[in-house]
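Below is one structure, written out as structure tokens, with a few remarks after it.
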Amino acid sequence: MAQTPEYAIIVAGGSGSRMQHDLPKQFIEVAGKPILMHTIARFYKYNPAVRLVVVLPQEQLNTWRELCRKHAFKLFHMTVAGGATRFKSVKNGLGAVMGEGLVAVHDGVRPFVEVETIRAAYEATAKYGSAVVAVSPKDSIRELTEEGSRAVPRAKYKLVQTPQVFQASILQKAYEQPEQEHFTDDASVVESIGETITLVEGSYRNIKITTPEDLILAEAFAKEGSL
Ligand SMILES: Nc1ccn([C@@H]2O[C@H](COP(=O)(O)OP(=O)(O)OP(=O)(O)O)[C@@H](O)[C@H]2O)c(=O)n1
Ligand SMILES: C[C@](O)(CO)[C@H](O)COP(=O)(O)O
């Protein structure tokens, strides 16, 4: 029986403003290689036949090509120009997805995602139509109210990571709608067309490298052999 095509849209089209670094954060080296290369390699390790779509700002496409040459990075991938928001970048990436299949969307700056997590997410999507990786909060949670704040039951919440994997047709339909302010990830976009979201357990190592202290953590994980 023919294998269902698997795609991975790796979004790296942001500006990385919270990192306050002179390089775009996806190009910062950890363990001797740009973060984005480690992320791509994780998906390739999961499935060498995965169709990789890497989304980068238009003005960074040449730099990326040069970095690939410099690091002799040969893993085959398409590149697509990003948009002004994550929503627009994912939508541009979806333009490279042809026909049916399972499509993962993953942040280019989450290089520590485990192969087992990626596998669990694609498998759950094949069964249920969607899979969103998430972990339980470790801290207590308070909701901001008009009066100040109030405690909420932590057991009722999950912290959402990527990959977020969907049937291609569902993701494409969801991304046809106009962007809304509360769309902070793909699950929120897909949910708003009435689809159910299935959660898959993630890992505390699957950090999104966002602020300078995340780089210190990333170096520590890398030293420990997590890359
Ligand atoms: N217009 C955008 C904005 C974000 N992203 C991607 O979405 C992921 C999560 O976003 P975030 O970590 O917030 O990245 P930035 O938007 O680059 O960072 P910041 O908000 O600090 O500027 C990143 O891999 C980022 O490159 C994207 O592809 N296109
Ligand atoms: C998609 C995401 O990583 C899930 O946690 C997150 O919502 C991205 O948010 P950002 O503000 O674009 O970093």
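Identifiers for the structure tokens are assigned positionally: chains receive A, B, ... in sequence, residues are indexed from 1 per chain, and ligands are indexed from 1 in the order shown.
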Interface rows for stretch 122-192 of chain A against stretch 26-47 of chain A: nearest pair, Å to one decimal, 12 Å, only C-alpha atoms, as a Markdown table:
```
| residue | atom | partner | partner_atom | distance |
| --- | --- | --- | --- | --- |
| A:Tyr122 | CA | A:Tyr46 | CA | 10.3 |
| A:Thr162 | CA | A:Thr39 | CA | 11.6 |
| A:Pro163 | CA | A:Phe43 | CA | 10.1 |
```
Could you list, with a cut-off of 12 Å and counting only C-alpha atoms, the residues of stretch 169-201 of chain A near stretch 129-153 of chain A, each shown with its nearest atom pair and the distance in Å rounded to one decimal, rows sorted by chain and ascending number, as JSON lines?
```
{"residue": "A:Ser169", "atom": "CA", "partner": "A:Gly129", "partner_atom": "CA", "distance": 10.0}
{"residue": "A:Ile170", "atom": "CA", "partner": "A:Gly129", "partner_atom": "CA", "distance": 8.2}
{"residue": "A:Leu171", "atom": "CA", "partner": "A:Ser130", "partner_atom": "CA", "distance": 9.3}
{"residue": "A:Asp185", "atom": "CA", "partner": "A:Val132", "partner_atom": "CA", "distance": 9.9}
{"residue": "A:Asp186", "atom": "CA", "partner": "A:Val132", "partner_atom": "CA", "distance": 8.8}
{"residue": "A:Ala187", "atom": "CA", "partner": "A:Val132", "partner_atom": "CA", "distance": 7.0}
{"residue": "A:Ser188", "atom": "CA", "partner": "A:Val132", "partner_atom": "CA", "distance": 10.5}
{"residue": "A:Val190", "atom": "CA", "partner": "A:Ser130", "partner_atom": "CA", "distance": 9.1}
{"residue": "A:Glu191", "atom": "CA", "partner": "A:Ser130", "partner_atom": "CA", "distance": 10.2}
{"residue": "A:Glu195", "atom": "CA", "partner": "A:Ser130", "partner_atom": "CA", "distance": 8.7}
{"residue": "A:Thr196", "atom": "CA", "partner": "A:Ser130", "partner_atom": "CA", "distance": 7.6}
{"residue": "A:Ile197", "atom": "CA", "partner": "A:Ser130", "partner_atom": "CA", "distance": 5.9}
{"residue": "A:Thr198", "atom": "CA", "partner": "A:Ala131", "partner_atom": "CA", "distance": 4.8}
{"residue": "A:Leu199", "atom": "CA", "partner": "A:Val132", "partner_atom": "CA", "distance": 4.9}
{"residue": "A:Val200", "atom": "CA", "partner": "A:Val133", "partner_atom": "CA", "distance": 4.7}
{"residue": "A:Glu201", "atom": "CA", "partner": "A:Ala134", "partner_atom": "CA", "distance": 5.5}
```
Keeping only N, CA and C atoms, write the selected residues as a PDB file, in the first residue's frame.
```pdb
ATOM      1  N   SER A 169      -5.887  18.681   3.995  1.00  0.00           N
ATOM      2  CA  SER A 169      -7.094  19.398   3.555  1.00  0.00           C
ATOM      3  C   SER A 169      -7.681  20.239   4.684  1.00  0.00           C
ATOM      4  N   ILE A 170      -7.585  19.745   5.926  1.00  0.00           N
ATOM      5  CA  ILE A 170      -8.120  20.495   7.078  1.00  0.00           C
ATOM      6  C   ILE A 170      -7.280  21.755   7.297  1.00  0.00           C
ATOM      7  N   LEU A 171      -5.955  21.602   7.253  1.00  0.00           N
ATOM      8  CA  LEU A 171      -5.076  22.755   7.499  1.00  0.00           C
ATOM      9  C   LEU A 171      -5.263  23.801   6.400  1.00  0.00           C
ATOM     10  N   ASP A 185      -1.125  30.020  17.205  1.00  0.00           N
ATOM     11  CA  ASP A 185      -0.541  28.770  16.712  1.00  0.00           C
ATOM     12  C   ASP A 185      -1.495  28.158  15.703  1.00  0.00           C
ATOM     13  N   ASP A 186      -1.176  26.972  15.214  1.00  0.00           N
ATOM     14  CA  ASP A 186      -1.993  26.341  14.172  1.00  0.00           C
ATOM     15  C   ASP A 186      -3.263  25.731  14.760  1.00  0.00           C
ATOM     16  N   ALA A 187      -3.152  25.234  15.999  1.00  0.00           N
ATOM     17  CA  ALA A 187      -4.325  24.639  16.653  1.00  0.00           C
ATOM     18  C   ALA A 187      -5.444  25.676  16.771  1.00  0.00           C
ATOM     19  N   SER A 188      -5.092  26.916  17.122  1.00  0.00           N
ATOM     20  CA  SER A 188      -6.142  27.936  17.272  1.00  0.00           C
ATOM     21  C   SER A 188      -6.793  28.248  15.926  1.00  0.00           C
ATOM     22  N   VAL A 190      -7.067  26.050  13.331  1.00  0.00           N
ATOM     23  CA  VAL A 190      -7.855  24.881  12.907  1.00  0.00           C
ATOM     24  C   VAL A 190      -9.119  24.753  13.769  1.00  0.00           C
ATOM     25  N   GLU A 191      -8.980  25.020  15.053  1.00  0.00           N
ATOM     26  CA  GLU A 191     -10.129  24.921  15.969  1.00  0.00           C
ATOM     27  C   GLU A 191     -11.238  25.885  15.559  1.00  0.00           C
ATOM     28  N   GLU A 195     -12.947  22.197  14.038  1.00  0.00           N
ATOM     29  CA  GLU A 195     -12.266  20.900  14.162  1.00  0.00           C
ATOM     30  C   GLU A 195     -11.833  20.655  15.608  1.00  0.00           C
ATOM     31  N   THR A 196     -11.763  19.375  15.971  1.00  0.00           N
ATOM     32  CA  THR A 196     -11.322  18.998  17.315  1.00  0.00           C
ATOM     33  C   THR A 196      -9.808  18.849  17.323  1.00  0.00           C
ATOM     34  N   ILE A 197      -9.185  19.265  18.396  1.00  0.00           N
ATOM     35  CA  ILE A 197      -7.724  19.177  18.520  1.00  0.00           C
ATOM     36  C   ILE A 197      -7.363  18.027  19.460  1.00  0.00           C
ATOM     37  N   THR A 198      -6.504  17.143  18.972  1.00  0.00           N
ATOM     38  CA  THR A 198      -6.017  16.030  19.802  1.00  0.00           C
ATOM     39  C   THR A 198      -4.655  16.413  20.367  1.00  0.00           C
ATOM     40  N   LEU A 199      -4.458  16.199  21.670  1.00  0.00           N
ATOM     41  CA  LEU A 199      -3.171  16.539  22.282  1.00  0.00           C
ATOM     42  C   LEU A 199      -2.284  15.307  22.389  1.00  0.00           C
ATOM     43  N   VAL A 200      -0.999  15.537  22.195  1.00  0.00           N
ATOM     44  CA  VAL A 200       0.017  14.486  22.325  1.00  0.00           C
ATOM     45  C   VAL A 200       1.045  15.012  23.320  1.00  0.00           C
ATOM     46  N   GLU A 201       1.535  14.127  24.219  1.00  0.00           N
ATOM     47  CA  GLU A 201       2.473  14.592  25.248  1.00  0.00           C
ATOM     48  C   GLU A 201       3.809  15.050  24.634  1.00  0.00           C
TER      49      GLU A 201
END
```
For this session: Would you please work out which residue, of A:Leu23, A:Ile209, A:Ala124, A:Val55, is nearest to A:Gln161 when using only C-alpha atoms?
Result: A:Ile209
Problem set entry | Among the residues A:Pro178, A:Pro48, A:Gly108, A:Pro24, the one that comes closest to ligand 2 [using only C-alpha atoms and all ligand atoms] | A:Gly108
6 Å from ligand 1 is the threshold here; counting only C-alpha atoms and all ligand atoms, which polymer residues fall inside it? Answer as a PDB file with N, CA and C atoms, in the first residue's frame.
```
ATOM      1  N   VAL A  11       8.710  26.751  10.180  1.00  0.00           N
ATOM      2  CA  VAL A  11       8.600  28.206  10.068  1.00  0.00           C
ATOM      3  C   VAL A  11       9.762  28.904  10.765  1.00  0.00           C
ATOM      4  N   ALA A  12      10.471  29.721   9.981  1.00  0.00           N
ATOM      5  CA  ALA A  12      11.600  30.499  10.511  1.00  0.00           C
ATOM      6  C   ALA A  12      11.558  31.893   9.884  1.00  0.00           C
ATOM      7  N   GLY A  13      10.349  32.408   9.735  1.00  0.00           N
ATOM      8  CA  GLY A  13      10.174  33.677   9.017  1.00  0.00           C
ATOM      9  C   GLY A  13      10.034  34.880   9.928  1.00  0.00           C
ATOM     10  N   GLY A  14      10.274  34.691  11.228  1.00  0.00           N
ATOM     11  CA  GLY A  14      10.078  35.797  12.175  1.00  0.00           C
ATOM     12  C   GLY A  14      11.281  36.721  12.269  1.00  0.00           C
ATOM     13  N   SER A  15      11.152  37.754  13.101  1.00  0.00           N
ATOM     14  CA  SER A  15      12.245  38.735  13.204  1.00  0.00           C
ATOM     15  C   SER A  15      13.127  38.469  14.418  1.00  0.00           C
ATOM     16  N   GLY A  16      12.679  37.638  15.340  1.00  0.00           N
ATOM     17  CA  GLY A  16      13.497  37.296  16.509  1.00  0.00           C
ATOM     18  C   GLY A  16      13.784  38.477  17.411  1.00  0.00           C
ATOM     19  N   SER A  17      12.820  39.406  17.497  1.00  0.00           N
ATOM     20  CA  SER A  17      13.085  40.653  18.243  1.00  0.00           C
ATOM     21  C   SER A  17      13.397  40.399  19.717  1.00  0.00           C
ATOM     22  N   ARG A  18      12.757  39.385  20.332  1.00  0.00           N
ATOM     23  CA  ARG A  18      12.979  39.144  21.772  1.00  0.00           C
ATOM     24  C   ARG A  18      14.359  38.573  22.056  1.00  0.00           C
ATOM     25  N   MET A  19      15.049  38.089  21.045  1.00  0.00           N
ATOM     26  CA  MET A  19      16.381  37.522  21.255  1.00  0.00           C
ATOM     27  C   MET A  19      17.450  38.605  21.376  1.00  0.00           C
ATOM     28  N   GLY A  82       8.611  33.987   3.763  1.00  0.00           N
ATOM     29  CA  GLY A  82       7.614  34.123   4.831  1.00  0.00           C
ATOM     30  C   GLY A  82       6.760  35.379   4.680  1.00  0.00           C
ATOM     31  N   GLY A  83       5.925  35.610   5.680  1.00  0.00           N
ATOM     32  CA  GLY A  83       5.049  36.788   5.687  1.00  0.00           C
ATOM     33  C   GLY A  83       5.260  37.592   6.957  1.00  0.00           C
ATOM     34  N   ALA A  84       4.418  38.612   7.139  1.00  0.00           N
ATOM     35  CA  ALA A  84       4.605  39.540   8.263  1.00  0.00           C
ATOM     36  C   ALA A  84       4.242  38.914   9.613  1.00  0.00           C
ATOM     37  N   THR A  85       3.414  37.871   9.595  1.00  0.00           N
ATOM     38  CA  THR A  85       3.036  37.188  10.844  1.00  0.00           C
ATOM     39  C   THR A  85       3.253  35.680  10.664  1.00  0.00           C
ATOM     40  N   ARG A  86       3.246  34.959  11.803  1.00  0.00           N
ATOM     41  CA  ARG A  86       3.404  33.497  11.715  1.00  0.00           C
ATOM     42  C   ARG A  86       2.297  32.910  10.848  1.00  0.00           C
ATOM     43  N   SER A  89       3.185  33.288   7.305  1.00  0.00           N
ATOM     44  CA  SER A  89       4.314  32.410   6.943  1.00  0.00           C
ATOM     45  C   SER A  89       3.845  30.973   6.750  1.00  0.00           C
ATOM     46  N   ASP A 107       8.091  25.069  14.668  1.00  0.00           N
ATOM     47  CA  ASP A 107       8.905  26.276  14.782  1.00  0.00           C
ATOM     48  C   ASP A 107      10.359  25.938  14.463  1.00  0.00           C
ATOM     49  N   GLY A 108      10.979  26.745  13.590  1.00  0.00           N
ATOM     50  CA  GLY A 108      12.384  26.521  13.243  1.00  0.00           C
ATOM     51  C   GLY A 108      13.317  26.629  14.432  1.00  0.00           C
ATOM     52  N   VAL A 109      12.850  27.246  15.490  1.00  0.00           N
ATOM     53  CA  VAL A 109      13.705  27.461  16.666  1.00  0.00           C
ATOM     54  C   VAL A 109      13.354  26.494  17.809  1.00  0.00           C
ATOM     55  N   THR A 210      13.698  31.669  22.301  1.00  0.00           N
ATOM     56  CA  THR A 210      13.009  32.953  22.116  1.00  0.00           C
ATOM     57  C   THR A 210      13.781  34.130  22.715  1.00  0.00           C
TER      58      THR A 210
END
```
For this session: Using only C-alpha atoms and all ligand atoms, find the one residue out of A:Ser226, A:Glu116, A:Ile10, A:Trp64 that sits nearest to ligand 2.
Result: A:Ile10
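Proximity to ligand 2 was assessed for A:Lys223, A:Lys88, A:Lys208, A:Arg51 counting only C-alpha atoms and all ligand atoms; the smallest distance is recorded for A:Lys208.
The residue that comes closest to ligand 2, out of A:Val53, A:Leu61, A:Cys68, A:Val165 and on the basis of only C-alpha atoms and all ligand atoms, is A:Val165.
For the pair atom CA of A:Gln58 and atom CA of A:Val80, the separation is 7.9 Å.
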Extract the full set of strand (DSSP E) residues from chain A according to DSSP on the backbone, and format it as a PDB file with N, CA and C atoms, in the first residue's frame.
```pdb
ATOM      1  N   GLU A   6       4.113  12.672   3.871  1.00  0.00           N
ATOM      2  CA  GLU A   6       4.269  13.475   5.088  1.00  0.00           C
ATOM      3  C   GLU A   6       5.058  14.738   4.755  1.00  0.00           C
ATOM      4  N   TYR A   7       4.501  15.861   5.143  1.00  0.00           N
ATOM      5  CA  TYR A   7       5.153  17.161   4.952  1.00  0.00           C
ATOM      6  C   TYR A   7       5.533  17.731   6.306  1.00  0.00           C
ATOM      7  N   ALA A   8       6.554  18.589   6.314  1.00  0.00           N
ATOM      8  CA  ALA A   8       6.852  19.388   7.510  1.00  0.00           C
ATOM      9  C   ALA A   8       7.144  20.810   7.055  1.00  0.00           C
ATOM     10  N   ILE A   9       6.311  21.729   7.525  1.00  0.00           N
ATOM     11  CA  ILE A   9       6.561  23.151   7.259  1.00  0.00           C
ATOM     12  C   ILE A   9       7.322  23.687   8.464  1.00  0.00           C
ATOM     13  N   ILE A  10       8.569  24.050   8.261  1.00  0.00           N
ATOM     14  CA  ILE A  10       9.392  24.565   9.357  1.00  0.00           C
ATOM     15  C   ILE A  10       9.382  26.090   9.236  1.00  0.00           C
ATOM     16  N   VAL A  11       8.710  26.751  10.180  1.00  0.00           N
ATOM     17  CA  VAL A  11       8.600  28.206  10.068  1.00  0.00           C
ATOM     18  C   VAL A  11       9.762  28.904  10.765  1.00  0.00           C
ATOM     19  N   GLU A  29      24.483  29.934  15.939  1.00  0.00           N
ATOM     20  CA  GLU A  29      25.050  28.581  16.042  1.00  0.00           C
ATOM     21  C   GLU A  29      24.942  28.013  17.449  1.00  0.00           C
ATOM     22  N   VAL A  30      24.489  26.770  17.519  1.00  0.00           N
ATOM     23  CA  VAL A  30      24.518  25.985  18.757  1.00  0.00           C
ATOM     24  C   VAL A  30      25.213  24.681  18.361  1.00  0.00           C
ATOM     25  N   LYS A  33      26.519  24.635  14.646  1.00  0.00           N
ATOM     26  CA  LYS A  33      25.663  24.721  13.456  1.00  0.00           C
ATOM     27  C   LYS A  33      24.474  25.644  13.716  1.00  0.00           C
ATOM     28  N   PRO A  34      23.968  26.343  12.680  1.00  0.00           N
ATOM     29  CA  PRO A  34      22.770  27.168  12.881  1.00  0.00           C
ATOM     30  C   PRO A  34      21.607  26.341  13.444  1.00  0.00           C
ATOM     31  N   ARG A  51       8.679  15.584   3.262  1.00  0.00           N
ATOM     32  CA  ARG A  51       8.832  16.710   2.316  1.00  0.00           C
ATOM     33  C   ARG A  51       8.963  17.981   3.139  1.00  0.00           C
ATOM     34  N   LEU A  52      10.169  18.513   3.145  1.00  0.00           N
ATOM     35  CA  LEU A  52      10.477  19.640   4.040  1.00  0.00           C
ATOM     36  C   LEU A  52      10.294  20.979   3.339  1.00  0.00           C
ATOM     37  N   VAL A  53       9.500  21.846   3.958  1.00  0.00           N
ATOM     38  CA  VAL A  53       9.287  23.199   3.433  1.00  0.00           C
ATOM     39  C   VAL A  53       9.784  24.166   4.503  1.00  0.00           C
ATOM     40  N   VAL A  54      10.823  24.902   4.191  1.00  0.00           N
ATOM     41  CA  VAL A  54      11.421  25.822   5.172  1.00  0.00           C
ATOM     42  C   VAL A  54      11.027  27.250   4.804  1.00  0.00           C
ATOM     43  N   VAL A  55      10.394  27.945   5.768  1.00  0.00           N
ATOM     44  CA  VAL A  55       9.922  29.305   5.506  1.00  0.00           C
ATOM     45  C   VAL A  55      10.874  30.302   6.163  1.00  0.00           C
ATOM     46  N   LEU A  56      11.409  31.206   5.353  1.00  0.00           N
ATOM     47  CA  LEU A  56      12.371  32.212   5.844  1.00  0.00           C
ATOM     48  C   LEU A  56      11.979  33.582   5.303  1.00  0.00           C
ATOM     49  N   MET A  78      12.668  22.436   0.410  1.00  0.00           N
ATOM     50  CA  MET A  78      12.261  23.602  -0.386  1.00  0.00           C
ATOM     51  C   MET A  78      12.366  24.827   0.499  1.00  0.00           C
ATOM     52  N   THR A  79      12.574  25.990  -0.097  1.00  0.00           N
ATOM     53  CA  THR A  79      12.487  27.218   0.710  1.00  0.00           C
ATOM     54  C   THR A  79      11.375  28.092   0.138  1.00  0.00           C
ATOM     55  N   VAL A  80      10.693  28.779   1.054  1.00  0.00           N
ATOM     56  CA  VAL A  80       9.562  29.630   0.689  1.00  0.00           C
ATOM     57  C   VAL A  80       9.720  30.927   1.481  1.00  0.00           C
ATOM     58  N   ALA A  81       9.365  32.064   0.872  1.00  0.00           N
ATOM     59  CA  ALA A  81       9.450  33.349   1.586  1.00  0.00           C
ATOM     60  C   ALA A  81       8.309  33.474   2.585  1.00  0.00           C
ATOM     61  N   LEU A 102      -0.195  14.276   5.429  1.00  0.00           N
ATOM     62  CA  LEU A 102      -0.162  14.776   6.804  1.00  0.00           C
ATOM     63  C   LEU A 102       0.849  15.910   6.845  1.00  0.00           C
ATOM     64  N   VAL A 103       0.443  17.041   7.415  1.00  0.00           N
ATOM     65  CA  VAL A 103       1.322  18.216   7.403  1.00  0.00           C
ATOM     66  C   VAL A 103       1.640  18.642   8.829  1.00  0.00           C
ATOM     67  N   ALA A 104       2.924  18.617   9.170  1.00  0.00           N
ATOM     68  CA  ALA A 104       3.365  19.136  10.472  1.00  0.00           C
ATOM     69  C   ALA A 104       3.788  20.588  10.288  1.00  0.00           C
ATOM     70  N   VAL A 105       3.423  21.418  11.245  1.00  0.00           N
ATOM     71  CA  VAL A 105       3.988  22.770  11.299  1.00  0.00           C
ATOM     72  C   VAL A 105       4.859  22.796  12.539  1.00  0.00           C
ATOM     73  N   HIS A 106       6.108  23.233  12.366  1.00  0.00           N
ATOM     74  CA  HIS A 106       7.045  23.222  13.491  1.00  0.00           C
ATOM     75  C   HIS A 106       7.858  24.507  13.478  1.00  0.00           C
ATOM     76  N   ASP A 107       8.091  25.069  14.668  1.00  0.00           N
ATOM     77  CA  ASP A 107       8.905  26.276  14.782  1.00  0.00           C
ATOM     78  C   ASP A 107      10.359  25.938  14.463  1.00  0.00           C
ATOM     79  N   SER A 130      -5.741  15.270  13.770  1.00  0.00           N
ATOM     80  CA  SER A 130      -4.877  16.360  14.244  1.00  0.00           C
ATOM     81  C   SER A 130      -4.065  15.862  15.431  1.00  0.00           C
ATOM     82  N   ALA A 131      -2.943  16.522  15.688  1.00  0.00           N
ATOM     83  CA  ALA A 131      -2.169  16.220  16.901  1.00  0.00           C
ATOM     84  C   ALA A 131      -1.324  17.436  17.239  1.00  0.00           C
ATOM     85  N   VAL A 132      -1.492  17.893  18.453  1.00  0.00           N
ATOM     86  CA  VAL A 132      -0.775  19.080  18.905  1.00  0.00           C
ATOM     87  C   VAL A 132       0.020  18.701  20.142  1.00  0.00           C
ATOM     88  N   VAL A 133       1.308  18.937  20.088  1.00  0.00           N
ATOM     89  CA  VAL A 133       2.196  18.542  21.184  1.00  0.00           C
ATOM     90  C   VAL A 133       2.092  19.570  22.314  1.00  0.00           C
ATOM     91  N   ALA A 134       1.961  19.073  23.558  1.00  0.00           N
ATOM     92  CA  ALA A 134       1.780  19.982  24.702  1.00  0.00           C
ATOM     93  C   ALA A 134       2.320  19.325  25.969  1.00  0.00           C
ATOM     94  N   VAL A 135       2.661  20.163  26.938  1.00  0.00           N
ATOM     95  CA  VAL A 135       3.132  19.655  28.241  1.00  0.00           C
ATOM     96  C   VAL A 135       2.322  20.301  29.366  1.00  0.00           C
ATOM     97  N   ILE A 141      -0.751  28.853  38.217  1.00  0.00           N
ATOM     98  CA  ILE A 141      -1.247  29.791  37.195  1.00  0.00           C
ATOM     99  C   ILE A 141      -2.253  30.743  37.815  1.00  0.00           C
ATOM    100  N   ARG A 142      -2.147  32.021  37.469  1.00  0.00           N
ATOM    101  CA  ARG A 142      -3.145  33.003  37.889  1.00  0.00           C
ATOM    102  C   ARG A 142      -3.705  33.686  36.647  1.00  0.00           C
ATOM    103  N   GLU A 143      -5.021  33.922  36.684  1.00  0.00           N
ATOM    104  CA  GLU A 143      -5.663  34.628  35.579  1.00  0.00           C
ATOM    105  C   GLU A 143      -5.774  36.099  35.944  1.00  0.00           C
ATOM    106  N   LEU A 144      -5.465  36.987  35.006  1.00  0.00           N
ATOM    107  CA  LEU A 144      -5.599  38.424  35.281  1.00  0.00           C
ATOM    108  C   LEU A 144      -7.078  38.801  35.200  1.00  0.00           C
ATOM    109  N   SER A 149      -5.952  39.569  40.151  1.00  0.00           N
ATOM    110  CA  SER A 149      -5.730  38.235  39.581  1.00  0.00           C
ATOM    111  C   SER A 149      -6.354  37.187  40.491  1.00  0.00           C
ATOM    112  N   ARG A 150      -6.543  35.965  39.943  1.00  0.00           N
ATOM    113  CA  ARG A 150      -7.072  34.884  40.786  1.00  0.00           C
ATOM    114  C   ARG A 150      -6.467  33.553  40.351  1.00  0.00           C
ATOM    115  N   ALA A 151      -6.360  32.660  41.334  1.00  0.00           N
ATOM    116  CA  ALA A 151      -5.777  31.342  41.054  1.00  0.00           C
ATOM    117  C   ALA A 151      -6.731  30.542  40.164  1.00  0.00           C
ATOM    118  N   VAL A 152      -6.152  29.771  39.249  1.00  0.00           N
ATOM    119  CA  VAL A 152      -6.964  28.865  38.433  1.00  0.00           C
ATOM    120  C   VAL A 152      -6.394  27.448  38.590  1.00  0.00           C
ATOM    121  N   LEU A 159       0.497  23.550  28.218  1.00  0.00           N
ATOM    122  CA  LEU A 159       1.325  24.509  27.487  1.00  0.00           C
ATOM    123  C   LEU A 159       1.607  23.908  26.118  1.00  0.00           C
ATOM    124  N   VAL A 160       1.307  24.682  25.101  1.00  0.00           N
ATOM    125  CA  VAL A 160       1.330  24.133  23.747  1.00  0.00           C
ATOM    126  C   VAL A 160       2.689  24.356  23.085  1.00  0.00           C
ATOM    127  N   GLN A 161       3.182  23.299  22.433  1.00  0.00           N
ATOM    128  CA  GLN A 161       4.446  23.380  21.696  1.00  0.00           C
ATOM    129  C   GLN A 161       4.162  23.118  20.213  1.00  0.00           C
ATOM    130  N   THR A 162       5.195  22.883  19.469  1.00  0.00           N
ATOM    131  CA  THR A 162       5.063  22.304  18.129  1.00  0.00           C
ATOM    132  C   THR A 162       5.941  21.060  18.122  1.00  0.00           C
ATOM    133  N   PRO A 163       5.768  20.083  17.214  1.00  0.00           N
ATOM    134  CA  PRO A 163       4.931  20.143  16.022  1.00  0.00           C
ATOM    135  C   PRO A 163       3.429  20.085  16.314  1.00  0.00           C
ATOM    136  N   GLN A 164       2.695  20.659  15.350  1.00  0.00           N
ATOM    137  CA  GLN A 164       1.246  20.563  15.323  1.00  0.00           C
ATOM    138  C   GLN A 164       0.946  19.978  13.945  1.00  0.00           C
ATOM    139  N   VAL A 165       0.309  18.816  13.938  1.00  0.00           N
ATOM    140  CA  VAL A 165       0.175  18.051  12.685  1.00  0.00           C
ATOM    141  C   VAL A 165      -1.312  17.891  12.341  1.00  0.00           C
ATOM    142  N   PHE A 166      -1.618  18.034  11.043  1.00  0.00           N
ATOM    143  CA  PHE A 166      -3.016  17.983  10.590  1.00  0.00           C
ATOM    144  C   PHE A 166      -3.098  17.275   9.243  1.00  0.00           C
ATOM    145  N   GLN A 167      -4.295  16.799   8.931  1.00  0.00           N
ATOM    146  CA  GLN A 167      -4.567  16.342   7.560  1.00  0.00           C
ATOM    147  C   GLN A 167      -4.436  17.577   6.677  1.00  0.00           C
ATOM    148  N   LEU A 199      -4.458  16.199  21.670  1.00  0.00           N
ATOM    149  CA  LEU A 199      -3.171  16.539  22.282  1.00  0.00           C
ATOM    150  C   LEU A 199      -2.284  15.307  22.389  1.00  0.00           C
ATOM    151  N   VAL A 200      -0.999  15.537  22.195  1.00  0.00           N
ATOM    152  CA  VAL A 200       0.017  14.486  22.325  1.00  0.00           C
ATOM    153  C   VAL A 200       1.045  15.012  23.320  1.00  0.00           C
ATOM    154  N   GLU A 201       1.535  14.127  24.219  1.00  0.00           N
ATOM    155  CA  GLU A 201       2.473  14.592  25.248  1.00  0.00           C
ATOM    156  C   GLU A 201       3.809  15.050  24.634  1.00  0.00           C
TER     157      GLU A 201
END
```
All alpha helix (DSSP H) residues (DSSP, backbone) inside stretch 24-165 of chain A, as a CSV table (one decimal) with C-alpha atoms, in the first residue's frame:
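Once everything was written out, this is out.csv:
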```
chain,number,residue,atom,x,y,z
A,35,ILE,CA,19.7,26.3,15.0
A,36,LEU,CA,17.6,25.8,11.9
A,37,MET,CA,19.8,23.1,10.6
A,38,HIS,CA,19.4,21.1,13.8
A,39,THR,CA,15.6,21.4,13.5
A,40,ILE,CA,15.5,20.3,9.9
A,41,ALA,CA,17.8,17.3,10.8
A,42,ARG,CA,15.3,16.2,13.5
A,43,PHE,CA,12.5,15.8,10.9
A,44,TYR,CA,14.9,14.1,8.4
A,45,LYS,CA,16.0,11.7,11.1
A,46,TYR,CA,12.3,10.8,11.8
A,61,LEU,CA,17.0,33.3,1.6
A,62,ASN,CA,20.5,34.1,0.1
A,63,THR,CA,22.2,34.0,3.5
A,64,TRP,CA,20.5,30.7,4.1
A,65,ARG,CA,21.9,29.3,0.8
A,66,GLU,CA,25.4,30.5,1.8
A,67,LEU,CA,25.1,29.0,5.2
A,68,CYS,CA,24.1,25.6,3.7
A,69,ARG,CA,27.2,25.8,1.5
A,70,LYS,CA,29.4,26.8,4.4
A,86,ARG,CA,3.4,33.5,11.7
A,87,PHE,CA,-0.1,32.9,10.2
A,88,LYS,CA,1.1,34.4,6.9
A,89,SER,CA,4.3,32.4,6.9
A,90,VAL,CA,2.5,29.1,7.5
A,91,LYS,CA,0.0,30.0,4.8
A,92,ASN,CA,2.9,30.7,2.3
A,93,GLY,CA,4.5,27.3,3.3
A,94,LEU,CA,1.1,25.6,2.7
A,115,VAL,CA,12.1,12.0,17.1
A,116,GLU,CA,9.6,10.0,19.2
A,117,THR,CA,7.5,13.1,19.7
A,118,ILE,CA,7.4,13.8,16.0
A,119,ARG,CA,6.5,10.1,15.3
A,120,ALA,CA,3.7,10.2,18.0
A,121,ALA,CA,2.3,13.4,16.4
A,122,TYR,CA,2.1,12.0,12.9
A,123,GLU,CA,0.6,8.7,14.1
A,124,ALA,CA,-2.1,10.4,16.2
A,125,THR,CA,-2.9,12.6,13.1
A,126,ALA,CA,-3.3,9.5,10.9
A,127,LYS,CA,-5.9,8.2,13.5
A,128,TYR,CA,-7.7,11.4,14.7
```
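Distances from A:Gly101, A:Arg205, A:Glu224, A:Phe183 to ligand 2 were compared using only C-alpha atoms and all ligand atoms, and the smallest one belongs to A:Phe183.
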